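Text of protein-v4.cif (mmCIF, N, CA, C and O atoms) as supplied:
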data_model
loop_
_atom_site.group_PDB
_atom_site.id
_atom_site.type_symbol
_atom_site.label_atom_id
_atom_site.label_comp_id
_atom_site.auth_asym_id
_atom_site.auth_seq_id
_atom_site.Cartn_x
_atom_site.Cartn_y
_atom_site.Cartn_z
ATOM 1 N N MET U 1 87.993 90.111 90.662
ATOM 2 C CA MET U 1 89.175 90.309 89.853
ATOM 3 C C MET U 1 88.741 90.806 88.472
ATOM 4 O O MET U 1 87.717 90.398 87.954
ATOM 5 N N LEU U 2 89.547 91.637 87.906
ATOM 6 C CA LEU U 2 89.256 92.225 86.605
ATOM 7 C C LEU U 2 89.589 91.265 85.469
ATOM 8 O O LEU U 2 90.551 90.513 85.545
ATOM 9 N N THR U 3 88.795 91.350 84.415
ATOM 10 C CA THR U 3 89.167 90.654 83.189
ATOM 11 C C THR U 3 90.212 91.503 82.475
ATOM 12 O O THR U 3 90.424 92.670 82.821
ATOM 13 N N ASP U 4 90.844 90.928 81.461
ATOM 14 C CA ASP U 4 91.849 91.675 80.709
ATOM 15 C C ASP U 4 91.237 92.922 80.076
ATOM 16 O O ASP U 4 91.815 94.006 80.146
ATOM 17 N N LEU U 5 90.057 92.786 79.498
ATOM 18 C CA LEU U 5 89.396 93.931 78.858
ATOM 19 C C LEU U 5 89.049 95.007 79.881
ATOM 20 O O LEU U 5 89.280 96.196 79.641
ATOM 21 N N GLN U 6 88.530 94.613 81.031
ATOM 22 C CA GLN U 6 88.191 95.585 82.069
ATOM 23 C C GLN U 6 89.448 96.310 82.561
ATOM 24 O O GLN U 6 89.419 97.521 82.799
ATOM 25 N N ALA U 7 90.518 95.569 82.720
ATOM 26 C CA ALA U 7 91.774 96.178 83.173
ATOM 27 C C ALA U 7 92.272 97.196 82.165
ATOM 28 O O ALA U 7 92.695 98.298 82.527
ATOM 29 N N ARG U 8 92.202 96.853 80.892
ATOM 30 C CA ARG U 8 92.670 97.767 79.846
ATOM 31 C C ARG U 8 91.805 99.029 79.784
ATOM 32 O O ARG U 8 92.319 100.142 79.663
ATOM 33 N N VAL U 9 90.507 98.861 79.892
ATOM 34 C CA VAL U 9 89.603 100.015 79.864
ATOM 35 C C VAL U 9 89.853 100.902 81.086
ATOM 36 O O VAL U 9 89.922 102.135 80.975
ATOM 37 N N SER U 10 90.023 100.296 82.241
ATOM 38 C CA SER U 10 90.269 101.065 83.466
ATOM 39 C C SER U 10 91.585 101.829 83.391
ATOM 40 O O SER U 10 91.669 102.982 83.812
ATOM 41 N N LEU U 11 92.606 101.195 82.849
ATOM 42 C CA LEU U 11 93.890 101.876 82.707
ATOM 43 C C LEU U 11 93.793 103.021 81.712
ATOM 44 O O LEU U 11 94.375 104.093 81.918
ATOM 45 N N LYS U 12 93.031 102.825 80.658
ATOM 46 C CA LYS U 12 92.833 103.897 79.673
ATOM 47 C C LYS U 12 92.155 105.101 80.332
ATOM 48 O O LYS U 12 92.509 106.249 80.062
ATOM 49 N N VAL U 13 91.198 104.845 81.221
ATOM 50 C CA VAL U 13 90.527 105.935 81.938
ATOM 51 C C VAL U 13 91.533 106.700 82.797
ATOM 52 O O VAL U 13 91.509 107.937 82.836
ATOM 53 N N LEU U 14 92.413 105.975 83.477
ATOM 54 C CA LEU U 14 93.448 106.651 84.277
ATOM 55 C C LEU U 14 94.373 107.493 83.405
ATOM 56 O O LEU U 14 94.749 108.605 83.777
ATOM 57 N N ILE U 15 94.740 106.955 82.247
ATOM 58 C CA ILE U 15 95.595 107.705 81.321
ATOM 59 C C ILE U 15 94.903 108.989 80.897
ATOM 60 O O ILE U 15 95.507 110.068 80.910
ATOM 61 N N GLU U 16 93.645 108.894 80.523
ATOM 62 C CA GLU U 16 92.915 110.084 80.066
ATOM 63 C C GLU U 16 92.729 111.088 81.187
ATOM 64 O O GLU U 16 92.797 112.293 80.971
ATOM 65 N N LYS U 17 92.522 110.610 82.398
ATOM 66 C CA LYS U 17 92.298 111.509 83.525
ATOM 67 C C LYS U 17 93.581 112.222 83.966
ATOM 68 O O LYS U 17 93.570 113.422 84.225
ATOM 69 N N TYR U 18 94.685 111.486 84.031
ATOM 70 C CA TYR U 18 95.894 112.038 84.632
ATOM 71 C C TYR U 18 96.995 112.431 83.645
ATOM 72 O O TYR U 18 97.891 113.192 84.011
ATOM 73 N N LEU U 19 96.972 111.912 82.426
ATOM 74 C CA LEU U 19 98.080 112.190 81.512
ATOM 75 C C LEU U 19 97.689 112.958 80.256
ATOM 76 O O LEU U 19 98.556 113.552 79.626
ATOM 77 N N LYS U 20 96.436 112.924 79.872
ATOM 78 C CA LYS U 20 96.028 113.589 78.639
ATOM 79 C C LYS U 20 96.355 115.082 78.728
ATOM 80 O O LYS U 20 95.987 115.764 79.672
ATOM 81 N N GLY U 21 97.082 115.571 77.738
ATOM 82 C CA GLY U 21 97.473 116.974 77.705
ATOM 83 C C GLY U 21 98.738 117.284 78.488
ATOM 84 O O GLY U 21 99.215 118.406 78.465
ATOM 85 N N ARG U 22 99.283 116.283 79.199
ATOM 86 C CA ARG U 22 100.490 116.506 80.002
ATOM 87 C C ARG U 22 101.663 115.655 79.537
ATOM 88 O O ARG U 22 102.795 116.090 79.581
ATOM 89 N N HIS U 23 101.393 114.434 79.168
ATOM 90 C CA HIS U 23 102.438 113.471 78.809
ATOM 91 C C HIS U 23 102.624 113.466 77.295
ATOM 92 O O HIS U 23 101.651 113.349 76.557
ATOM 93 N N PRO U 24 103.855 113.572 76.810
ATOM 94 C CA PRO U 24 104.067 113.646 75.359
ATOM 95 C C PRO U 24 103.737 112.343 74.618
ATOM 96 O O PRO U 24 103.440 112.371 73.434
ATOM 97 N N ASP U 25 103.756 111.209 75.315
ATOM 98 C CA ASP U 25 103.503 109.923 74.668
ATOM 99 C C ASP U 25 102.140 109.334 75.049
ATOM 100 O O ASP U 25 101.958 108.124 75.024
ATOM 101 N N VAL U 26 101.188 110.186 75.387
ATOM 102 C CA VAL U 26 99.886 109.689 75.832
ATOM 103 C C VAL U 26 99.195 108.856 74.749
ATOM 104 O O VAL U 26 98.567 107.843 75.057
ATOM 105 N N ASP U 27 99.313 109.244 73.496
ATOM 106 C CA ASP U 27 98.677 108.483 72.421
ATOM 107 C C ASP U 27 99.325 107.113 72.265
ATOM 108 O O ASP U 27 98.628 106.108 72.046
ATOM 109 N N LEU U 28 100.638 107.043 72.400
ATOM 110 C CA LEU U 28 101.335 105.771 72.318
ATOM 111 C C LEU U 28 100.930 104.852 73.468
ATOM 112 O O LEU U 28 100.656 103.670 73.261
ATOM 113 N N LEU U 29 100.867 105.389 74.684
ATOM 114 C CA LEU U 29 100.433 104.594 75.823
ATOM 115 C C LEU U 29 99.017 104.068 75.629
ATOM 116 O O LEU U 29 98.731 102.904 75.905
ATOM 117 N N THR U 30 98.139 104.918 75.131
ATOM 118 C CA THR U 30 96.757 104.512 74.890
ATOM 119 C C THR U 30 96.705 103.403 73.846
ATOM 120 O O THR U 30 95.963 102.422 74.016
ATOM 121 N N ASP U 31 97.476 103.533 72.780
ATOM 122 C CA ASP U 31 97.508 102.494 71.743
ATOM 123 C C ASP U 31 98.010 101.164 72.297
ATOM 124 O O ASP U 31 97.472 100.104 71.976
ATOM 125 N N ILE U 32 99.039 101.219 73.137
ATOM 126 C CA ILE U 32 99.586 99.991 73.726
ATOM 127 C C ILE U 32 98.553 99.338 74.638
ATOM 128 O O ILE U 32 98.366 98.121 74.603
ATOM 129 N N VAL U 33 97.874 100.133 75.439
ATOM 130 C CA VAL U 33 96.869 99.599 76.356
ATOM 131 C C VAL U 33 95.731 98.940 75.591
ATOM 132 O O VAL U 33 95.220 97.899 75.995
ATOM 133 N N GLN U 34 95.346 99.498 74.465
ATOM 134 C CA GLN U 34 94.225 98.968 73.694
ATOM 135 C C GLN U 34 94.591 97.753 72.850
ATOM 136 O O GLN U 34 93.702 97.057 72.377
ATOM 137 N N ASP U 35 95.869 97.478 72.673
ATOM 138 C CA ASP U 35 96.307 96.359 71.842
ATOM 139 C C ASP U 35 96.373 95.084 72.686
ATOM 140 O O ASP U 35 97.269 94.934 73.520
ATOM 141 N N PRO U 36 95.445 94.142 72.486
ATOM 142 C CA PRO U 36 95.414 92.936 73.320
ATOM 143 C C PRO U 36 96.612 92.007 73.113
ATOM 144 O O PRO U 36 96.843 91.114 73.924
ATOM 145 N N SER U 37 97.385 92.202 72.065
ATOM 146 C CA SER U 37 98.554 91.359 71.837
ATOM 147 C C SER U 37 99.781 91.851 72.610
ATOM 148 O O SER U 37 100.818 91.202 72.604
ATOM 149 N N ARG U 38 99.654 92.983 73.296
ATOM 150 C CA ARG U 38 100.785 93.558 74.037
ATOM 151 C C ARG U 38 100.536 93.503 75.526
ATOM 152 O O ARG U 38 99.405 93.529 75.996
ATOM 153 N N GLN U 39 101.621 93.465 76.265
ATOM 154 C CA GLN U 39 101.549 93.505 77.720
ATOM 155 C C GLN U 39 101.028 94.872 78.162
ATOM 156 O O GLN U 39 101.365 95.894 77.565
ATOM 157 N N VAL U 40 100.231 94.897 79.196
ATOM 158 C CA VAL U 40 99.696 96.155 79.718
ATOM 159 C C VAL U 40 100.821 96.908 80.430
ATOM 160 O O VAL U 40 101.464 96.368 81.332
ATOM 161 N N PRO U 41 101.077 98.168 80.036
ATOM 162 C CA PRO U 41 102.214 98.930 80.593
ATOM 163 C C PRO U 41 101.860 99.659 81.889
ATOM 164 O O PRO U 41 101.996 100.880 81.995
ATOM 165 N N ILE U 42 101.402 98.921 82.892
ATOM 166 C CA ILE U 42 100.943 99.562 84.121
ATOM 167 C C ILE U 42 102.052 100.368 84.797
ATOM 168 O O ILE U 42 101.837 101.491 85.228
ATOM 169 N N ARG U 43 103.240 99.828 84.862
ATOM 170 C CA ARG U 43 104.329 100.566 85.517
ATOM 171 C C ARG U 43 104.697 101.830 84.735
ATOM 172 O O ARG U 43 104.968 102.867 85.328
ATOM 173 N N GLY U 44 104.696 101.751 83.421
ATOM 174 C CA GLY U 44 104.978 102.924 82.604
ATOM 175 C C GLY U 44 103.950 104.022 82.792
ATOM 176 O O GLY U 44 104.282 105.203 82.865
ATOM 177 N N VAL U 45 102.695 103.625 82.882
ATOM 178 C CA VAL U 45 101.618 104.598 83.101
ATOM 179 C C VAL U 45 101.767 105.227 84.482
ATOM 180 O O VAL U 45 101.663 106.456 84.628
ATOM 181 N N LEU U 46 102.033 104.419 85.498
ATOM 182 C CA LEU U 46 102.188 104.960 86.848
ATOM 183 C C LEU U 46 103.399 105.887 86.951
ATOM 184 O O LEU U 46 103.338 106.922 87.625
ATOM 185 N N GLU U 47 104.485 105.538 86.282
ATOM 186 C CA GLU U 47 105.652 106.416 86.266
ATOM 187 C C GLU U 47 105.325 107.741 85.579
ATOM 188 O O GLU U 47 105.739 108.803 86.029
ATOM 189 N N GLY U 48 104.577 107.675 84.488
ATOM 190 C CA GLY U 48 104.163 108.889 83.793
ATOM 191 C C GLY U 48 103.286 109.772 84.650
ATOM 192 O O GLY U 48 103.450 110.993 84.687
ATOM 193 N N ILE U 49 102.352 109.147 85.351
ATOM 194 C CA ILE U 49 101.474 109.921 86.239
ATOM 195 C C ILE U 49 102.302 110.585 87.334
ATOM 196 O O ILE U 49 102.115 111.759 87.638
ATOM 197 N N GLY U 50 103.239 109.852 87.895
ATOM 198 C CA GLY U 50 104.095 110.417 88.945
ATOM 199 C C GLY U 50 104.992 111.528 88.444
ATOM 200 O O GLY U 50 105.268 112.487 89.160
ATOM 201 N N GLN U 51 105.415 111.422 87.200
ATOM 202 C CA GLN U 51 106.325 112.416 86.626
ATOM 203 C C GLN U 51 105.597 113.683 86.200
ATOM 204 O O GLN U 51 106.105 114.780 86.367
ATOM 205 N N PHE U 52 104.413 113.538 85.637
ATOM 206 C CA PHE U 52 103.731 114.686 85.045
ATOM 207 C C PHE U 52 102.529 115.190 85.835
ATOM 208 O O PHE U 52 101.903 116.162 85.447
ATOM 209 N N ASN U 53 102.185 114.519 86.907
ATOM 210 C CA ASN U 53 100.993 114.915 87.627
ATOM 211 C C ASN U 53 101.199 114.641 89.108
ATOM 212 O O ASN U 53 101.407 113.512 89.508
ATOM 213 N N ASN U 54 101.126 115.664 89.915
ATOM 214 C CA ASN U 54 101.264 115.514 91.358
ATOM 215 C C ASN U 54 99.863 115.519 91.964
ATOM 216 O O ASN U 54 99.329 116.558 92.294
ATOM 217 N N THR U 55 99.283 114.346 92.090
ATOM 218 C CA THR U 55 97.907 114.252 92.540
ATOM 219 C C THR U 55 97.724 113.118 93.515
ATOM 220 O O THR U 55 98.565 112.225 93.628
ATOM 221 N N GLN U 56 96.624 113.146 94.212
ATOM 222 C CA GLN U 56 96.244 112.075 95.119
ATOM 223 C C GLN U 56 95.189 111.217 94.437
ATOM 224 O O GLN U 56 94.198 111.732 93.919
ATOM 225 N N PHE U 57 95.390 109.911 94.434
ATOM 226 C CA PHE U 57 94.406 109.003 93.877
ATOM 227 C C PHE U 57 93.272 108.808 94.869
ATOM 228 O O PHE U 57 93.482 108.866 96.081
ATOM 229 N N THR U 58 92.085 108.532 94.342
ATOM 230 C CA THR U 58 90.963 108.188 95.201
ATOM 231 C C THR U 58 91.172 106.767 95.725
ATOM 232 O O THR U 58 91.998 106.011 95.197
ATOM 233 N N GLN U 59 90.420 106.388 96.735
ATOM 234 C CA GLN U 59 90.532 105.035 97.277
ATOM 235 C C GLN U 59 90.190 103.997 96.218
ATOM 236 O O GLN U 59 90.854 102.966 96.111
ATOM 237 N N GLN U 60 89.186 104.286 95.412
ATOM 238 C CA GLN U 60 88.795 103.368 94.334
ATOM 239 C C GLN U 60 89.917 103.220 93.306
ATOM 240 O O GLN U 60 90.204 102.120 92.844
ATOM 241 N N GLU U 61 90.579 104.323 92.969
ATOM 242 C CA GLU U 61 91.695 104.268 92.025
ATOM 243 C C GLU U 61 92.875 103.498 92.614
ATOM 244 O O GLU U 61 93.534 102.734 91.904
ATOM 245 N N LEU U 62 93.129 103.665 93.901
ATOM 246 C CA LEU U 62 94.210 102.926 94.545
ATOM 247 C C LEU U 62 93.944 101.425 94.518
ATOM 248 O O LEU U 62 94.851 100.627 94.275
ATOM 249 N N GLU U 63 92.693 101.039 94.747
ATOM 250 C CA GLU U 63 92.327 99.626 94.680
ATOM 251 C C GLU U 63 92.477 99.106 93.255
ATOM 252 O O GLU U 63 92.951 97.981 93.049
ATOM 253 N N LEU U 64 92.093 99.906 92.275
ATOM 254 C CA LEU U 64 92.246 99.526 90.875
ATOM 255 C C LEU U 64 93.728 99.346 90.532
ATOM 256 O O LEU U 64 94.113 98.350 89.913
ATOM 257 N N ILE U 65 94.562 100.283 90.951
ATOM 258 C CA ILE U 65 95.995 100.197 90.681
ATOM 259 C C ILE U 65 96.580 98.952 91.343
ATOM 260 O O ILE U 65 97.388 98.244 90.754
ATOM 261 N N ASP U 66 96.146 98.656 92.555
ATOM 262 C CA ASP U 66 96.599 97.455 93.246
ATOM 263 C C ASP U 66 96.233 96.196 92.435
ATOM 264 O O ASP U 66 97.061 95.302 92.255
ATOM 265 N N ASP U 67 95.005 96.149 91.939
ATOM 266 C CA ASP U 67 94.561 95.022 91.100
ATOM 267 C C ASP U 67 95.388 94.932 89.820
ATOM 268 O O ASP U 67 95.794 93.851 89.408
ATOM 269 N N LEU U 68 95.624 96.069 89.185
ATOM 270 C CA LEU U 68 96.399 96.091 87.944
ATOM 271 C C LEU U 68 97.833 95.621 88.181
ATOM 272 O O LEU U 68 98.385 94.858 87.377
ATOM 273 N N LEU U 69 98.430 96.048 89.265
ATOM 274 C CA LEU U 69 99.797 95.607 89.582
ATOM 275 C C LEU U 69 99.820 94.115 89.885
ATOM 276 O O LEU U 69 100.770 93.415 89.531
ATOM 277 N N TYR U 70 98.790 93.618 90.527
ATOM 278 C CA TYR U 70 98.706 92.188 90.809
ATOM 279 C C TYR U 70 98.604 91.396 89.499
ATOM 280 O O TYR U 70 99.270 90.383 89.315
ATOM 281 N N LEU U 71 97.784 91.893 88.578
ATOM 282 C CA LEU U 71 97.576 91.193 87.308
ATOM 283 C C LEU U 71 98.770 91.291 86.374
ATOM 284 O O LEU U 71 99.129 90.329 85.693
ATOM 285 N N TYR U 72 99.379 92.472 86.293
ATOM 286 C CA TYR U 72 100.380 92.736 85.268
ATOM 287 C C TYR U 72 101.759 93.067 85.808
ATOM 288 O O TYR U 72 102.668 93.335 85.023
ATOM 289 N N GLY U 73 101.903 93.104 87.119
ATOM 290 C CA GLY U 73 103.168 93.272 87.785
ATOM 291 C C GLY U 73 103.998 94.383 87.373
ATOM 292 O O GLY U 73 105.061 94.658 87.475
#

Mind turning the file's structure into structure tokens?
Amino acid sequence: MLTDLQARVSLKVLIEKYLKGRHPDVDLLTDIVQDPSRQVPIRGVLEGIGQFNNTQFTQQELELIDDLLYLYG
């Protein structure tokens, strides 16, 4: 299971890979993910990826997303 810091870093990597240069609020999402006093916006990030990027996740990314959804719902 991921620690909170690992989850935040992993989500930031997904944001940079799939949303950087495509999503207008990428900097805001990144700031929220890096702020430990805030809830991790996993659903918002996934919605953004679905809206701005039509891609297939790798098996490792799917497992990571599953873990993130389990942790942060």

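The list of residues with at least one atom within 12 Å of U:Ile32, based on only C-alpha atoms and without residues fewer than 5 positions apart in the same chain, reads Arg8, Val9, Leu11, Lys12, Ile15, Asp25, Val26, Asp27, Ser37, Arg38, Gln39, Val40, Pro41, Ile42, Gly44 and Val45 of chain U.
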
> Got a sec to tell me which of chain U DSSP assigns to alpha helix (DSSP H), as an MDAnalysis selection string?
Replying inline: chainID U and resid 4:18 26:34 42:52 59:72

Report, as lines of an AutoDock Vina configuration file, the centre and edge lengths in Å (one decimal) of the axis-aligned box enclosing every listed atom of stretch 44-50 of chain U, padded by 5 Å on each side.
center_x = 103.6
center_y = 107.1
center_z = 85.9
size_x = 14.3
size_y = 20.7
size_z = 16.6

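We find atom N of U:Gly73 and atom O of U:Arg43 to be spaced 10.4 Å apart.
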
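Put simply, atom O of U:Thr3 is 16.7 Å away from atom N of U:Leu46.
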
Residues picked by the PyMOL selection byres (((chain U and resi 67 and name CA) around 12) and name CA) here, as a short mmCIF file (atom, residue, chain, number, x, y, z; two decimals) with N, CA, C and O atoms, keeping the file's coordinate frame?
data_model
loop_
_atom_site.label_atom_id
_atom_site.label_comp_id
_atom_site.auth_asym_id
_atom_site.auth_seq_id
_atom_site.Cartn_x
_atom_site.Cartn_y
_atom_site.Cartn_z
N MET U 1 87.99 90.11 90.66
CA MET U 1 89.18 90.31 89.85
C MET U 1 88.74 90.81 88.47
O MET U 1 87.72 90.40 87.95
N LEU U 2 89.55 91.64 87.91
CA LEU U 2 89.26 92.22 86.60
C LEU U 2 89.59 91.26 85.47
O LEU U 2 90.55 90.51 85.54
N THR U 3 88.80 91.35 84.42
CA THR U 3 89.17 90.65 83.19
C THR U 3 90.21 91.50 82.48
O THR U 3 90.42 92.67 82.82
N ASP U 4 90.84 90.93 81.46
CA ASP U 4 91.85 91.68 80.71
C ASP U 4 91.24 92.92 80.08
O ASP U 4 91.82 94.01 80.15
N GLN U 6 88.53 94.61 81.03
CA GLN U 6 88.19 95.58 82.07
C GLN U 6 89.45 96.31 82.56
O GLN U 6 89.42 97.52 82.80
N ALA U 7 90.52 95.57 82.72
CA ALA U 7 91.77 96.18 83.17
C ALA U 7 92.27 97.20 82.16
O ALA U 7 92.70 98.30 82.53
N ARG U 8 92.20 96.85 80.89
CA ARG U 8 92.67 97.77 79.85
C ARG U 8 91.80 99.03 79.78
O ARG U 8 92.32 100.14 79.66
N SER U 10 90.02 100.30 82.24
CA SER U 10 90.27 101.06 83.47
C SER U 10 91.58 101.83 83.39
O SER U 10 91.67 102.98 83.81
N LEU U 11 92.61 101.20 82.85
CA LEU U 11 93.89 101.88 82.71
C LEU U 11 93.79 103.02 81.71
O LEU U 11 94.38 104.09 81.92
N ILE U 42 101.40 98.92 82.89
CA ILE U 42 100.94 99.56 84.12
C ILE U 42 102.05 100.37 84.80
O ILE U 42 101.84 101.49 85.23
N GLN U 60 89.19 104.29 95.41
CA GLN U 60 88.80 103.37 94.33
C GLN U 60 89.92 103.22 93.31
O GLN U 60 90.20 102.12 92.84
N GLU U 61 90.58 104.32 92.97
CA GLU U 61 91.70 104.27 92.02
C GLU U 61 92.88 103.50 92.61
O GLU U 61 93.53 102.73 91.90
N LEU U 62 93.13 103.66 93.90
CA LEU U 62 94.21 102.93 94.54
C LEU U 62 93.94 101.42 94.52
O LEU U 62 94.85 100.63 94.28
N GLU U 63 92.69 101.04 94.75
CA GLU U 63 92.33 99.63 94.68
C GLU U 63 92.48 99.11 93.26
O GLU U 63 92.95 97.98 93.05
N LEU U 64 92.09 99.91 92.28
CA LEU U 64 92.25 99.53 90.88
C LEU U 64 93.73 99.35 90.53
O LEU U 64 94.11 98.35 89.91
N ILE U 65 94.56 100.28 90.95
CA ILE U 65 96.00 100.20 90.68
C ILE U 65 96.58 98.95 91.34
O ILE U 65 97.39 98.24 90.75
N ASP U 66 96.15 98.66 92.56
CA ASP U 66 96.60 97.46 93.25
C ASP U 66 96.23 96.20 92.44
O ASP U 66 97.06 95.30 92.26
N LEU U 68 95.62 96.07 89.18
CA LEU U 68 96.40 96.09 87.94
C LEU U 68 97.83 95.62 88.18
O LEU U 68 98.38 94.86 87.38
N LEU U 69 98.43 96.05 89.26
CA LEU U 69 99.80 95.61 89.58
C LEU U 69 99.82 94.12 89.88
O LEU U 69 100.77 93.42 89.53
N TYR U 70 98.79 93.62 90.53
CA TYR U 70 98.71 92.19 90.81
C TYR U 70 98.60 91.40 89.50
O TYR U 70 99.27 90.38 89.32
N LEU U 71 97.78 91.89 88.58
CA LEU U 71 97.58 91.19 87.31
C LEU U 71 98.77 91.29 86.37
O LEU U 71 99.13 90.33 85.69
N TYR U 72 99.38 92.47 86.29
CA TYR U 72 100.38 92.74 85.27
C TYR U 72 101.76 93.07 85.81
O TYR U 72 102.67 93.34 85.02
N GLY U 73 101.90 93.10 87.12
CA GLY U 73 103.17 93.27 87.78
C GLY U 73 104.00 94.38 87.37
O GLY U 73 105.06 94.66 87.48
#

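Of the listed residues U:Leu28, U:Leu5, U:Val13, U:Tyr18, the one whose atoms come nearest to U:Phe57 is U:Tyr18, with distances taken using only C-alpha atoms.
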
> atom CA of U:Thr30 and atom CA of U:Gly48 are how many Å apart?
Replying inline: 12.4 Å
